[in-house]
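Input: a single structure, listed below in C-alpha cells.
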Amino acid sequence: MLAALKRRIREVWNKLARIHASPHEIAAGFALGVFVSFLPIIPLRTVVAMAAAWLFRQNVVAAFVGKSISFLYFPLVPFLWVAEYRLGRHIHAVEKAAAFDRAHLGEVFHMGWDVFAATFIGGALIGLPVAVVSYIVVRSVARKWKRGHTGPASTPTA
C-alpha cells in the first residue's frame with residue numbers, strides 16, 4: 001500500500017512538473033485546489049477549484065491536481081468532516097445539532113443550512129493552513145525543478 005501511495009504522489013508531481021507556468025502560478029493553483037478539497041461541496045470541488053484558479057489568474061491544471069490530491073486523505077474524510085463540523089460549530093451557531101456518521105456524511109446539505117455553514121467554515125479553517133503549507137512546499141520544489149530544466153538561453157521564473 002505504501003508503494004502505491006508513493007507511486008500516486010510521483011504521478012501527481014510529474015503532472016505538475018510538466019506544466020508550463022511559473023513556480024508561483026503552479027503552487028498557487030495547487031494550493032487553491034487543496035483548499036477547496038477540504039470544503040463540503042463534493043460534487044462541485046473540481047469546478048470550484050478550477051474556477052477559483054481561473055478567477056485569481058493561477059494555473060488551472062495545478063488547481064485540478066491539487067484538488068485531486070484529496071485521494072491521500074480519503075480514508076480520513078469521515079473524521080475530517082466531524083472535525084470540520086465541530087470546529088465550525090464554535091464559530092457559527094447551529095440550531096439543531098447534527099450527529100455525523102459514515103452513512104450521513106453525504107447528506108450534509110440536507111441537514112440544514114446551519115450545519116452546512118458550520119461544516120463549510122470548519123473546512124475552510126482546516127483547509128487554509130494545509131493550503132499554505134502545500135503552497136510553500138510546491139513552490140520550493142517547482143523552483144528547484146524549473147531551475148534544473150532551464151537552458152542557458154532561458155531565464156528561470158519566480
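Note on naming: chains are A, B, ... as they come in the C-alpha cells, residues start from 1 per chain, ligands start from 1 in the order shown.
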**OP:** Name all residues at most 10 Å from segment 48-65 of chain A (count only C-alpha atoms; drop same-chain ones fewer than 2 positions away) and give them as an MDAnalysis selection string.
**Re:** chainID A and resid 12:13 15:17 19:37 41 43:46 67:70
Can those selected residues be exported to a file as a PDB file, in the first residue's frame so that it contains C-alpha atoms?
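What landed in part_10.pdb:
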ATOM      1  CA  VAL A  12       0.918  13.900  -9.214  1.00  0.00           C
ATOM      2  CA  TRP A  13       4.306  15.589  -9.147  1.00  0.00           C
ATOM      3  CA  LYS A  15       1.819  16.208 -13.823  1.00  0.00           C
ATOM      4  CA  LEU A  16       2.815  19.390 -12.014  1.00  0.00           C
ATOM      5  CA  ALA A  17       6.364  19.302 -13.387  1.00  0.00           C
ATOM      6  CA  ILE A  19       3.011  22.488 -16.511  1.00  0.00           C
ATOM      7  CA  HIS A  20       4.386  25.499 -18.353  1.00  0.00           C
ATOM      8  CA  ALA A  21       3.891  28.169 -15.705  1.00  0.00           C
ATOM      9  CA  SER A  22       5.888  29.938 -13.045  1.00  0.00           C
ATOM     10  CA  PRO A  23       6.514  28.166  -9.725  1.00  0.00           C
ATOM     11  CA  HIS A  24       4.209  30.712  -8.069  1.00  0.00           C
ATOM     12  CA  GLU A  25       1.351  30.013 -10.504  1.00  0.00           C
ATOM     13  CA  ILE A  26       1.765  26.256 -10.097  1.00  0.00           C
ATOM     14  CA  ALA A  27       1.950  26.446  -6.303  1.00  0.00           C
ATOM     15  CA  ALA A  28      -0.941  28.913  -6.008  1.00  0.00           C
ATOM     16  CA  GLY A  29      -3.168  26.851  -8.286  1.00  0.00           C
ATOM     17  CA  PHE A  30      -2.256  23.696  -6.394  1.00  0.00           C
ATOM     18  CA  ALA A  31      -2.924  25.374  -3.037  1.00  0.00           C
ATOM     19  CA  LEU A  32      -6.330  26.598  -4.230  1.00  0.00           C
ATOM     20  CA  GLY A  33      -7.194  23.035  -5.236  1.00  0.00           C
ATOM     21  CA  VAL A  34      -6.043  21.690  -1.869  1.00  0.00           C
ATOM     22  CA  PHE A  35      -8.056  24.335  -0.033  1.00  0.00           C
ATOM     23  CA  VAL A  36     -11.223  23.539  -1.982  1.00  0.00           C
ATOM     24  CA  SER A  37     -10.757  19.813  -1.333  1.00  0.00           C
ATOM     25  CA  ILE A  41     -19.050  20.635  -1.629  1.00  0.00           C
ATOM     26  CA  PRO A  43     -19.996  17.377  -6.380  1.00  0.00           C
ATOM     27  CA  LEU A  44     -18.610  20.863  -7.056  1.00  0.00           C
ATOM     28  CA  ARG A  45     -14.998  20.661  -5.837  1.00  0.00           C
ATOM     29  CA  THR A  46     -13.378  20.286  -9.244  1.00  0.00           C
ATOM     30  CA  LYS A  67      -7.998  19.123  -5.689  1.00  0.00           C
ATOM     31  CA  SER A  68      -7.241  15.588  -6.818  1.00  0.00           C
ATOM     32  CA  ILE A  69      -4.639  15.149  -4.085  1.00  0.00           C
ATOM     33  CA  SER A  70      -7.540  14.536  -1.721  1.00  0.00           C
TER      34      SER A  70
END
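Atom CA of Val130 of chain A to atom CA of Lys144 of chain A spans 21.3 Å [interatomic distance, one decimal].
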**OP:** Between atom CA of Trp81 of chain A and atom CA of Tyr135 of chain A, measure the distance and give it in Å to one decimal.
**Re:** 22.8 Å
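What separates atom CA of Ala118 of chain A from atom CA of Tyr85 of chain A is a distance of 5.5 Å.
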**OP:** Using only C-alpha atoms, determine which residues lie at most 10 Å from Glu84 of chain A, disregarding the query and same-chain residues fewer than 4 positions distant; provide the list as a count of residues only.
**Re:** 18
Subject >> Backbone-only DSSP, alpha helix (DSSP H) members of segment 45-76 of chain A, as a ChimeraX atom specification >> reply: /A:45-55,60-68
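Comparing A:Val137, A:Leu76, A:Ala83, A:Ala142 by their smallest distance to Arg18 of chain A, the closest is A:Ala142 (using only C-alpha atoms).
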